[in-house]
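Q: Provided herewith: coords_11.txt, compact mmCIF, C-alpha atoms and all ligand atoms.
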```
# COMPACT_ATOMS: atom_id res chain seq x y z
CA SER A 143 -20.70 -0.33 -11.00
CA LYS A 144 -20.20 3.01 -9.31
CA GLY A 145 -18.42 1.64 -6.29
CA GLU A 146 -18.91 2.40 -2.66
CA SER A 147 -17.11 5.11 -0.74
CA VAL A 148 -14.63 4.36 1.98
CA LYS A 149 -16.36 5.01 5.31
CA VAL A 150 -14.47 7.44 7.48
CA ALA A 151 -14.82 8.05 11.21
CA VAL A 152 -12.92 10.42 13.48
CA ARG A 153 -12.64 10.12 17.23
CA VAL A 154 -11.34 12.60 19.79
CA ARG A 155 -9.85 11.33 23.05
CA PRO A 156 -9.59 12.93 26.53
CA PHE A 157 -6.64 15.19 27.39
CA ASN A 158 -3.59 13.15 28.37
CA GLN A 159 -1.34 14.00 31.30
CA ARG A 160 1.12 15.92 29.14
CA GLU A 161 -1.67 18.08 27.75
CA LYS A 162 -3.13 18.65 31.22
CA ASP A 163 0.30 19.60 32.58
CA ARG A 164 0.59 22.22 29.87
CA SER A 165 -2.97 23.48 30.47
CA ALA A 166 -3.84 22.58 26.91
CA LYS A 167 -6.94 24.10 25.37
CA LEU A 168 -9.66 22.15 23.62
CA ILE A 169 -9.73 22.98 19.90
CA ILE A 170 -12.06 20.25 18.62
CA ARG A 171 -15.82 20.50 18.53
CA MET A 172 -18.30 17.98 17.14
CA GLU A 173 -21.90 18.33 16.10
CA GLY A 174 -23.63 15.37 14.51
CA PRO A 175 -21.32 14.08 11.79
CA SER A 176 -19.37 17.37 11.67
CA THR A 177 -16.02 18.01 13.27
CA TYR A 178 -14.65 21.52 13.76
CA ILE A 179 -11.09 22.51 14.50
CA GLN A 180 -10.03 25.92 15.77
CA ASN A 181 -6.60 27.27 14.89
CA PRO A 182 -5.30 28.36 18.35
CA GLU A 183 -3.30 31.16 16.73
CA THR A 184 -6.35 32.77 15.16
CA PRO A 185 -9.05 32.42 17.82
CA ASN A 186 -11.29 34.99 16.13
CA GLU A 187 -11.44 33.13 12.85
CA GLU A 188 -14.17 30.63 12.07
CA PRO A 189 -13.10 27.05 12.85
CA LYS A 190 -12.53 24.72 9.91
CA MET A 191 -15.32 22.25 9.35
CA PHE A 192 -15.07 18.63 8.19
CA ALA A 193 -17.90 16.15 7.61
CA PHE A 194 -17.38 12.44 8.11
CA ASP A 195 -19.56 9.36 8.26
CA TYR A 196 -19.07 9.38 12.02
CA SER A 197 -17.59 11.92 14.43
CA TYR A 198 -17.03 10.30 17.80
CA TRP A 199 -16.79 12.45 20.88
CA SER A 200 -14.79 10.58 23.53
CA HIS A 201 -13.21 13.65 25.10
CA ASP A 202 -15.44 14.06 28.14
CA GLY A 203 -18.81 13.02 29.48
CA TYR A 204 -17.66 9.67 30.84
CA GLU A 205 -16.75 8.06 34.13
CA ASP A 206 -14.12 5.47 34.97
CA VAL A 207 -16.01 2.72 36.80
CA ASP A 208 -13.55 0.06 37.96
CA GLY A 209 -11.45 0.58 34.87
CA VAL A 210 -14.38 0.64 32.46
CA LEU A 211 -15.07 3.95 30.75
CA GLU A 212 -18.84 4.42 30.93
CA ALA A 213 -20.85 7.12 29.20
CA ARG A 214 -22.41 9.78 31.43
CA THR A 215 -23.73 11.86 28.54
CA GLN A 216 -25.49 11.07 25.26
CA LYS A 217 -22.63 12.58 23.36
CA TYR A 218 -19.83 10.39 24.69
CA ALA A 219 -18.91 7.53 22.36
CA THR A 220 -17.96 4.30 24.14
CA GLN A 221 -15.95 1.44 22.66
CA ARG A 222 -19.25 -0.38 22.19
CA ASN A 223 -20.76 2.56 20.29
CA VAL A 224 -17.80 2.58 17.93
CA PHE A 225 -18.05 -1.18 17.46
CA ASP A 226 -21.79 -0.96 16.78
CA ASN A 227 -21.15 1.30 13.79
CA LEU A 228 -17.79 0.11 12.48
CA GLY A 229 -17.18 -3.41 13.77
CA GLN A 230 -20.72 -4.62 13.14
CA GLY A 231 -20.37 -3.41 9.56
CA VAL A 232 -17.19 -5.46 9.19
CA LEU A 233 -18.97 -8.53 10.57
CA ASP A 234 -22.02 -8.18 8.33
CA ASN A 235 -19.74 -7.82 5.29
CA ALA A 236 -17.72 -10.86 6.31
CA PHE A 237 -20.85 -13.01 6.54
CA GLU A 238 -21.92 -11.83 3.09
CA GLY A 239 -18.52 -12.86 1.69
CA TYR A 240 -16.95 -9.44 1.15
CA ASN A 241 -13.39 -8.57 1.98
CA CYS A 242 -13.16 -5.77 4.48
CA SER A 243 -10.52 -3.57 5.99
CA LEU A 244 -10.43 -1.27 8.91
CA PHE A 245 -7.50 0.97 9.53
CA ALA A 246 -6.59 3.51 12.17
CA TYR A 247 -4.66 6.66 11.33
CA GLY A 248 -3.30 9.45 13.51
CA GLN A 249 -0.27 10.79 15.34
CA THR A 250 1.35 8.80 18.13
CA GLY A 251 -0.75 9.01 21.28
CA SER A 252 -3.93 10.09 19.49
CA GLY A 253 -5.85 6.90 20.31
CA LYS A 254 -5.39 4.53 17.34
CA SER A 255 -4.62 1.45 19.46
CA PHE A 256 -7.28 2.38 22.00
CA SER A 257 -9.93 2.28 19.27
CA MET A 258 -8.54 -0.74 17.44
CA VAL A 259 -7.38 -3.03 20.23
CA GLY A 260 -8.25 -1.21 23.44
CA TYR A 261 -6.63 -1.37 26.86
CA GLY A 262 -7.65 -3.48 29.87
CA LYS A 263 -11.40 -3.79 30.22
CA ASN A 264 -11.98 -1.29 27.42
CA ARG A 265 -11.74 -3.70 24.52
CA GLY A 266 -11.52 -2.09 21.10
CA ILE A 267 -13.07 -2.88 17.75
CA VAL A 268 -10.79 -5.82 16.88
CA PRO A 269 -11.42 -8.00 19.96
CA ILE A 270 -15.14 -7.18 20.06
CA THR A 271 -15.47 -8.01 16.36
CA CYS A 272 -13.66 -11.35 16.82
CA ASP A 273 -15.77 -12.16 19.86
CA GLU A 274 -18.98 -11.36 18.00
CA LEU A 275 -17.81 -13.37 14.99
CA PHE A 276 -17.55 -16.54 17.04
CA GLN A 277 -20.81 -15.81 18.86
CA ALA A 278 -22.53 -15.52 15.49
CA ILE A 279 -20.96 -18.81 14.36
CA GLN A 280 -22.22 -20.48 17.54
CA ARG A 281 -25.73 -19.10 17.03
CA ALA A 282 -25.84 -20.31 13.43
CA THR A 283 -28.11 -23.23 12.65
CA GLY A 284 -27.97 -25.34 9.51
CA ASN A 285 -25.08 -27.21 8.00
CA THR A 286 -22.67 -24.44 7.07
CA LYS A 287 -19.07 -25.17 8.03
CA TYR A 288 -17.02 -22.23 9.23
CA GLU A 289 -13.26 -21.86 9.04
CA VAL A 290 -11.38 -18.98 10.61
CA THR A 291 -7.66 -18.23 10.38
CA PHE A 292 -5.56 -15.56 12.04
CA SER A 293 -2.28 -13.93 11.10
CA MET A 294 -0.48 -10.89 12.46
CA LEU A 295 2.47 -8.98 11.05
CA GLU A 296 4.25 -5.72 11.45
CA ILE A 297 5.93 -3.50 8.91
CA TYR A 298 8.96 -1.87 10.44
CA ASN A 299 11.60 -0.07 8.39
CA GLU A 300 9.89 -1.37 5.24
CA GLN A 301 10.49 -4.93 6.43
CA VAL A 302 7.77 -7.43 7.23
CA ARG A 303 7.99 -9.38 10.46
CA ASP A 304 5.67 -12.23 11.37
CA LEU A 305 4.34 -11.54 14.86
CA LEU A 306 3.30 -15.16 15.43
CA THR A 307 6.88 -16.37 15.55
CA LYS A 308 10.03 -15.41 17.40
CA ASP A 309 12.44 -16.21 14.59
CA ASN A 310 11.98 -14.00 11.60
CA PRO A 311 14.62 -14.08 8.88
CA ARG A 312 17.11 -11.25 8.80
CA GLY A 313 15.74 -8.56 6.51
CA GLY A 314 12.18 -9.74 7.06
CA LEU A 315 9.77 -11.89 5.07
CA GLN A 316 9.49 -11.46 1.30
CA VAL A 317 6.56 -9.64 -0.24
CA ARG A 318 5.58 -11.29 -3.52
CA GLN A 319 3.01 -10.68 -6.19
CA ASN A 320 0.53 -13.33 -7.23
CA PRO A 321 0.97 -13.48 -11.04
CA LYS A 322 -2.68 -14.41 -11.67
CA LEU A 323 -4.45 -12.07 -9.29
CA GLY A 324 -1.87 -9.31 -9.28
CA LEU A 325 -2.17 -9.03 -5.52
CA PHE A 326 0.75 -8.89 -3.14
CA TYR A 327 1.18 -11.32 -0.29
CA VAL A 328 3.74 -12.12 2.36
CA GLU A 329 5.60 -15.32 1.66
CA LYS A 330 5.81 -17.84 4.53
CA LEU A 331 3.61 -15.78 6.83
CA LYS A 332 2.15 -17.96 9.57
CA LYS A 333 -1.60 -18.35 9.27
CA VAL A 334 -3.16 -20.28 12.14
CA ALA A 335 -6.59 -21.88 12.32
CA VAL A 336 -8.62 -20.57 15.26
CA GLY A 337 -11.70 -22.18 16.71
CA SER A 338 -12.77 -19.72 19.36
CA TYR A 339 -12.52 -16.13 20.48
CA ASN A 340 -10.18 -17.16 23.31
CA GLU A 341 -7.76 -18.60 20.78
CA ILE A 342 -7.72 -15.34 18.86
CA GLU A 343 -7.23 -13.41 22.09
CA ARG A 344 -4.23 -15.60 22.97
CA ARG A 345 -2.75 -15.15 19.50
CA MET A 346 -3.21 -11.39 19.70
CA GLU A 347 -1.38 -11.34 23.03
CA GLU A 348 1.40 -13.45 21.57
CA GLY A 349 1.68 -11.14 18.58
CA THR A 350 1.63 -8.00 20.70
CA ALA A 351 4.44 -9.38 22.87
CA ASN A 352 6.55 -9.98 19.74
CA ARG A 353 6.12 -6.43 18.47
CA THR A 354 9.07 -4.14 18.05
CA VAL A 355 8.92 -1.43 20.64
CA ALA A 356 11.29 1.42 19.97
CA SER A 357 10.98 4.40 22.23
CA THR A 358 10.72 7.91 20.93
CA GLN A 359 10.64 11.06 22.99
CA MET A 360 7.00 11.45 22.15
CA ASN A 361 5.67 8.18 23.48
CA ALA A 362 7.99 5.71 25.13
CA THR A 363 5.75 2.68 24.71
CA SER A 364 4.25 3.30 21.32
CA SER A 365 5.27 1.09 18.47
CA ARG A 366 6.78 2.81 15.47
CA ALA A 367 5.56 0.03 13.24
CA HIS A 368 2.41 -0.68 11.30
CA THR A 369 0.54 -3.68 12.72
CA VAL A 370 -1.68 -5.73 10.42
CA VAL A 371 -4.03 -8.43 11.70
CA THR A 372 -5.68 -10.53 9.00
CA ILE A 373 -8.59 -12.83 9.68
CA THR A 374 -9.91 -15.08 6.94
CA PHE A 375 -13.45 -16.30 7.31
CA ASP A 376 -14.72 -19.12 5.10
CA GLN A 377 -18.27 -20.44 4.97
CA ILE A 378 -18.67 -23.80 3.29
CA GLN A 379 -22.11 -24.87 2.21
CA LYS A 380 -23.56 -27.82 0.32
CA ASN A 381 -26.46 -27.30 -2.08
CA GLU A 382 -29.20 -29.86 -2.96
CA ALA A 383 -27.03 -31.36 -5.69
CA GLY A 384 -24.30 -32.01 -3.15
CA GLN A 385 -22.02 -29.40 -4.66
CA GLU A 386 -19.99 -27.49 -2.08
CA THR A 387 -19.49 -23.77 -2.39
CA LYS A 388 -17.21 -21.59 -0.37
CA LYS A 389 -17.81 -17.98 0.58
CA SER A 390 -14.56 -16.33 1.66
CA SER A 391 -13.90 -13.08 3.35
CA SER A 392 -10.58 -11.61 4.26
CA ILE A 393 -10.60 -9.04 7.06
CA ASN A 394 -7.64 -6.67 7.43
CA LEU A 395 -7.30 -4.73 10.66
CA VAL A 396 -4.51 -2.21 10.48
CA ASP A 397 -3.09 -0.13 13.32
CA LEU A 398 -0.84 2.33 11.51
CA ALA A 399 2.35 3.82 12.93
CA GLY A 400 2.21 7.41 14.15
CA SER A 401 1.61 9.88 11.34
CA GLU A 402 3.77 12.66 12.85
CA ARG A 403 6.87 13.79 11.01
CA ALA A 404 10.13 12.39 12.38
CA ASP A 405 11.38 15.84 13.41
CA SER A 406 8.48 16.47 15.79
CA THR A 407 9.50 13.45 17.85
CA GLY A 408 13.04 14.69 18.31
CA ALA A 409 14.40 11.53 16.71
CA THR A 410 17.99 11.32 15.55
CA GLY A 411 20.29 8.69 14.03
CA ASP A 412 18.76 5.25 13.76
CA ARG A 413 15.48 6.57 15.05
CA LEU A 414 15.43 9.14 12.27
CA LYS A 415 15.96 6.41 9.69
CA GLU A 416 13.01 4.56 11.15
CA GLY A 417 10.98 7.72 11.03
CA ALA A 418 11.93 8.26 7.42
CA ASN A 419 10.89 4.73 6.51
CA ILE A 420 7.68 4.96 8.45
CA ASN A 421 6.99 8.12 6.56
CA LYS A 422 7.83 6.31 3.34
CA SER A 423 5.01 3.84 3.92
CA LEU A 424 2.64 6.46 5.25
CA SER A 425 3.39 9.01 2.56
CA ALA A 426 2.98 6.26 -0.04
CA LEU A 427 -0.39 5.56 1.58
CA GLY A 428 -1.21 9.25 1.29
CA ASN A 429 -0.25 9.25 -2.39
CA VAL A 430 -2.33 6.15 -3.06
CA ILE A 431 -5.29 7.72 -1.30
CA SER A 432 -4.91 10.92 -3.33
CA ALA A 433 -4.64 9.03 -6.62
CA LEU A 434 -7.69 6.92 -5.77
CA ALA A 435 -9.64 10.01 -4.76
CA ASP A 436 -8.73 11.59 -8.13
CA LEU A 437 -9.89 8.46 -9.96
CA SER A 438 -13.17 8.41 -8.06
CA MET A 439 -13.76 12.01 -9.04
CA GLY A 440 -13.47 11.13 -12.72
CA LYS A 441 -9.88 12.06 -13.41
CA LYS A 442 -8.36 9.93 -16.18
CA LYS A 443 -4.92 8.33 -16.57
CA VAL A 444 -4.13 8.28 -12.89
CA LEU A 445 -1.41 5.86 -11.88
CA VAL A 446 -1.99 4.54 -8.36
CA PRO A 447 1.48 4.08 -6.84
CA TYR A 448 0.79 0.91 -4.86
CA ARG A 449 4.33 -0.37 -5.46
CA ASP A 450 6.00 2.51 -3.63
CA SER A 451 5.91 0.86 -0.21
CA VAL A 452 5.30 -2.44 1.54
CA LEU A 453 2.24 -1.05 3.28
CA THR A 454 0.53 0.05 0.06
CA LYS A 455 1.38 -3.25 -1.65
CA LEU A 456 -0.32 -5.18 1.12
CA LEU A 457 -3.29 -2.80 1.30
CA MET A 458 -3.76 -2.83 -2.48
CA SER A 459 -7.05 -4.69 -2.48
CA ALA A 460 -8.20 -2.92 0.68
CA LEU A 461 -7.82 0.44 -1.04
CA GLY A 462 -9.63 0.98 -4.29
CA GLY A 463 -10.07 -2.72 -4.87
CA ASN A 464 -12.22 -5.62 -3.84
CA SER A 465 -12.89 -4.58 -0.29
CA LYS A 466 -15.20 -2.59 1.89
CA THR A 467 -12.99 -0.18 3.74
CA ILE A 468 -13.35 1.80 6.92
CA MET A 469 -10.87 4.29 8.30
CA ILE A 470 -10.84 5.65 11.81
CA ALA A 471 -8.78 8.77 12.32
CA ALA A 472 -7.72 9.42 15.91
CA LEU A 473 -7.53 13.03 17.09
CA SER A 474 -5.85 14.78 19.98
CA PRO A 475 -8.16 17.42 21.47
CA ALA A 476 -5.33 19.82 22.35
CA ASP A 477 -4.17 23.12 20.87
CA ILE A 478 -0.53 22.00 21.13
CA ASN A 479 -1.22 19.32 18.49
CA TYR A 480 -3.11 21.60 16.10
CA ASP A 481 -0.86 21.05 13.06
CA GLU A 482 -0.83 17.27 13.32
CA THR A 483 -4.56 17.07 14.04
CA LEU A 484 -5.37 19.31 11.07
CA SER A 485 -3.24 17.14 8.80
CA THR A 486 -5.03 14.03 10.13
CA LEU A 487 -8.39 15.63 9.34
CA ARG A 488 -7.21 16.47 5.81
CA TYR A 489 -5.93 12.94 5.30
CA ALA A 490 -9.27 11.53 6.46
CA ASP A 491 -11.10 13.96 4.21
CA ARG A 492 -9.23 12.66 1.17
CA ALA A 493 -9.83 9.02 2.12
CA LYS A 494 -13.57 9.72 2.10
CA LYS A 495 -13.47 10.28 -1.65
CA ILE A 496 -12.15 6.79 -2.49
CA LYS A 497 -14.62 4.39 -4.04
CA ASN A 498 -14.10 0.62 -3.80
CA LYS A 499 -15.73 -2.14 -5.79
CA ALA A 500 -16.28 -5.02 -3.43
CA VAL A 501 -17.64 -8.28 -4.80
CA VAL A 502 -18.87 -11.36 -2.94
CA ASN A 503 -16.18 -14.06 -2.99
CA GLU A 504 -18.24 -17.18 -3.62
CA ASN A 505 -16.91 -20.12 -5.61
CA PRO A 506 -17.66 -23.79 -6.08
CA ILE A 507 -15.15 -26.15 -4.50
CA ASP A 508 -13.84 -28.73 -6.91
P1 LIG B 601 -1.81 5.56 19.64
O1 LIG B 601 -2.06 4.11 19.41
O2 LIG B 601 -2.47 6.42 18.60
O3 LIG B 601 -0.37 5.90 19.80
P2 LIG B 601 -3.15 5.09 22.14
O4 LIG B 601 -4.35 4.39 21.61
O5 LIG B 601 -2.12 4.23 22.75
O6 LIG B 601 -2.51 6.00 20.99
O7 LIG B 601 -3.67 6.20 23.14
C1 LIG B 601 -2.82 6.98 23.93
C2 LIG B 601 -3.40 7.11 25.33
O8 LIG B 601 -4.65 7.78 25.29
C3 LIG B 601 -3.63 5.77 25.99
O9 LIG B 601 -3.29 5.87 27.36
C4 LIG B 601 -5.12 5.55 25.84
O10 LIG B 601 -5.63 4.77 26.87
C5 LIG B 601 -5.67 6.96 25.86
N1 LIG B 601 -6.86 7.05 25.03
C6 LIG B 601 -6.89 7.06 23.69
N2 LIG B 601 -8.13 7.14 23.21
C7 LIG B 601 -8.94 7.18 24.27
C8 LIG B 601 -10.35 7.28 24.46
N3 LIG B 601 -11.20 7.34 23.41
N4 LIG B 601 -10.82 7.31 25.71
C9 LIG B 601 -9.98 7.25 26.76
N5 LIG B 601 -8.65 7.17 26.68
C10 LIG B 601 -8.12 7.12 25.45
MG MG B 602 -0.64 2.59 19.17
```
Could you write out this structure as C-alpha cells?
Ligand code: ADP
Ligand code: MG
A:
Amino acid sequence: SKGESVKVAVRVRPFNQREKDRSAKLIIRMEGPSTYIQNPETPNEEPKMFAFDYSYWSHDGYEDVDGVLEARTQKYATQRNVFDNLGQGVLDNAFEGYNCSLFAYGQTGSGKSFSMVGYGKNRGIVPITCDELFQAIQRATGNTKYEVTFSMLEIYNEQVRDLLTKDNPRGGLQVRQNPKLGLFYVEKLKKVAVGSYNEIERRMEEGTANRTVASTQMNATSSRAHTVVTITFDQIQKNEAGQETKKSSSINLVDLAGSERADSTGATGDRLKEGANINKSLSALGNVISALADLSMGKKKVLVPYRDSVLTKLLMSALGGNSKTIMIAALSPADINYDETLSTLRYADRAKKIKNKAVVNENPID
C-alpha cells in the first residue's frame, strides 16, 4: 500500500505578557490552510509560505467569558474546533482498531500544552477526546465489551519516569525491545484500567502532579520533559459461532519538551545538560522525521535512526509504522521569536511528508 501521510496542523496563540511588554509585532498570517511568516529583519521581502492540513488562527478574534475563550470571529479556532478536526479523527480511528498518535511540537510557551491538555475551563484535545470516548462507549448498543487502560510517563534526561507512581527507580524505568514485534516498550510501566472519563481525569491530574518541573529563565513553570499519555482501547465482540475477537487500538498523546536550543533559555550547568539531552531526543526525532520523509519520497537505503533516543524508540510505531499520526505545531505570533517559529514551521513541513501504514488490529482471542 502507498501509506497515508502524517496530518499536520499549526496553531498560533495570542501575544503573551512578555511579548506585549516588548511591543512585539505580529509576523504570522493565515489564509485557509496556508501559513505565512514574515522575517522582521526584511519587511519588504515576501513572507515565506507553508501549507498544512490545518492552520489554526487563535491569535485574536476571541473573548474571555468567565474563563472560557469564545470565538468572536469566524477565523478564531477554539479548543472545540481543534478537537473536531484532530481529536475526532483520533476517536474514529480508535473505534476502527487503528493505532493513533498525536503529538505537539514547538518552543516553550508556544501553546503545546494548551492545545493538548488545556488550562482551566479550556480543555484541550486529550481530555475532550477521552470524554468523547466514554460518551461513545455509553451510547453504544449491542454486546461489544470495551476495555480502556491509561498510562502516563515522562522522558527527562533520556530517562523514563512513570507518572502514575511516586517511587521510580533511580535511573528510570528500562526501555526494552519486544523480540517478536521489534517494538520498544517501557518495562514495569503502570497501566491502569479506567471505566469512566472522571477516572482518566483523576489519573491525568495525578500524573501532572508527579511531573518534573525544572525552571528555566524562559518559562518558570514549563516542564523540560516529554510527556507521553497512552490509552489502549479494546473492543471485544462475539460472532455467531461464539468466537471472540478483539479489536485493539493504542493511542499515544505526546506533549513534547520545548524545541528551543538550550542557549536561548540562558541555561547553564545542570540545566544545560538537561537541555542537551532534551535536544538529543528532539534532534533524534528530527532525524527520524527527515529519514522517513526521504523514504516516502522514494529514496532508497535510508536507515531510520529510531535507536538514537528514548523518545524515538517509543514513538517508533507512531512514526512511519502502524499508526495514524497527527502533529500539531504550536507557534508564537511575535517577531522576537522569528527564528524558533521558522524552525518549527520547517520541522512541521518535513513531518508532512511522512507516510504511515496503519492496519486494523483485529485478532481472534484464543
Ligand atoms: P507550552 O506548553 O508550549 O510551553 P503553553 O501551552 O503552556 O505552552 O502556553 C503558554 C501560555 O500561552 C499559557 O498561558 C497558555 O494559556 C497560553 N496559550 C497558549 N495557546 C493559547 C491559545 N490558543 N489561546 C489562548 N492562550 C493560549
Ligand atoms: Mg507545556
Q: Please determine, counting only C-alpha atoms and all ligand atoms, which residue among A:Asn479, A:Asn505, A:Ser391, A:Thr250 has the shortest atom-to-atom distance to ligand MG 602 (chain B).
A: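 Closest candidate: A:Thr250.
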Q: Could you give me the residues within 8 Å of ligand MG 602 (chain B), counting all atoms listed in the file, as a PyMOL selection string?
A: chain A and resi 250-251+253-256+364-365+397-400
Q: Deliver the residues from the most recent selection as a file, using C-alpha atoms, as a PDB file, in the frame of the given file.
A:
```pdb
ATOM      1  CA  THR A 250       1.350   8.800  18.130  1.00  0.00           C
ATOM      2  CA  GLY A 251      -0.750   9.010  21.280  1.00  0.00           C
ATOM      3  CA  GLY A 253      -5.850   6.900  20.310  1.00  0.00           C
ATOM      4  CA  LYS A 254      -5.390   4.530  17.340  1.00  0.00           C
ATOM      5  CA  SER A 255      -4.620   1.450  19.460  1.00  0.00           C
ATOM      6  CA  PHE A 256      -7.280   2.380  22.000  1.00  0.00           C
ATOM      7  CA  SER A 364       4.250   3.300  21.320  1.00  0.00           C
ATOM      8  CA  SER A 365       5.270   1.090  18.470  1.00  0.00           C
ATOM      9  CA  ASP A 397      -3.090  -0.130  13.320  1.00  0.00           C
ATOM     10  CA  LEU A 398      -0.840   2.330  11.510  1.00  0.00           C
ATOM     11  CA  ALA A 399       2.350   3.820  12.930  1.00  0.00           C
ATOM     12  CA  GLY A 400       2.210   7.410  14.150  1.00  0.00           C
TER      13      GLY A 400
END
```
Q: At a cut-off of 7 Å, using all atoms listed in the file, what residues contact region 260-271 of chain A? Leave out same-chain residues fewer than 3 positions from it and give the result as a PyMOL selection string.
A: chain A and resi 209-211+221+225+229+233+255-257+274-275
Q: From the set A:Glu212, A:Asp195, A:Glu173, A:Asp481, which residue has the shortest atom-to-atom contact distance to ligand LIG 601 (chain B), counting all atoms listed in the file?
A: A:Glu212
Q: So for ligand LIG 601 (chain B), what box centre and size do we get, axis-aligned, 5 Å extra on each of the six sides, every listed atom, Å to one decimal, as lines of an AutoDock Vina configuration file?
A:
```
center_x = -5.8
center_y = 5.9
center_z = 23.0
size_x = 20.8
size_y = 13.7
size_z = 18.8
```
Q: With distances taken over all atoms listed in the file, which of A:Tyr448, A:Thr350, A:Thr283, A:Gln277 is nearest to Lys308 (chain A)?
A: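 Smallest separation from Lys308 (chain A) among the options: A:Thr350.
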Q: Looking at A:Lys455, A:Arg449, A:Lys167, A:His201, which one is nearest to Tyr327 (chain A), with distances taken over only C-alpha atoms?
A: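 Under the stated criterion, the closest residue is A:Lys455.
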Q: Show me, as JSON, numbers by chain, the residues that have an atom within 12 Å of Tyr480 (chain A) when counting only C-alpha atoms, minus same-chain residues fewer than 6 positions from it.
A: {"A": [166, 167, 168, 169, 170, 178, 179, 180, 181, 182, 183, 184, 189, 190, 249, 402, 473, 474, 486, 487]}
Q: When you look at region 290-306 of chain A with a cut-off of 8 Å (counting all atoms listed in the file), what residues show up, excluding the ones that are within fewer than 4 positions of it in the same chain? I need them as an MDAnalysis selection string.
A: chainID A and resid 310 313:317 328 331:337 342 345:346 348:350 352:354 366:376 415:416 419:420 423 451:453
Q: Looking at A:Arg171, A:Arg153, A:Arg281, A:Arg403, which one is nearest to Ser197 (chain A), with distances taken over all atoms listed in the file?
A: A:Arg153
Q: Can you tell me, as a count of residues only, what residues are no more than 6 Å from Val148 (chain A) when counting all atoms listed in the file, ignoring any on the same chain fewer than 4 positions away?
A: 4
Q: Tell me which protein, DNA and RNA residues are within 6 Å of Gly463 (chain A), counting only C-alpha atoms, leaving out same-chain ones fewer than 2 positions away, and put them as a PyMOL selection string.
A: chain A and resi 459-461+465+498-499
Q: If you measure from CA of Ile507 (chain A) to CA of Asn381 (chain A), what distance in Å do you get, rounded to one decimal?
A: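 Here the two named atoms are 11.6 Å from each other.
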Q: Here is a test: counting only C-alpha atoms, which residue of A:Lys495, A:Lys466, A:Lys389, A:Arg164 is nearest to Gly440 (chain A)?
A: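 Closest to Gly440 (chain A) of all the choices is A:Lys495.
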Q: Please measure the separation of CA of Asp309 (chain A) and CA of Glu329 (chain A), giving the value in Å to one decimal.
A: 14.7 Å
Q: How many Å separate CA of Gln385 (chain A) from CA of Ala282 (chain A)?
A: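 Computed distance, CA of Gln385 (chain A) to CA of Ala282 (chain A), equals 20.6 Å.
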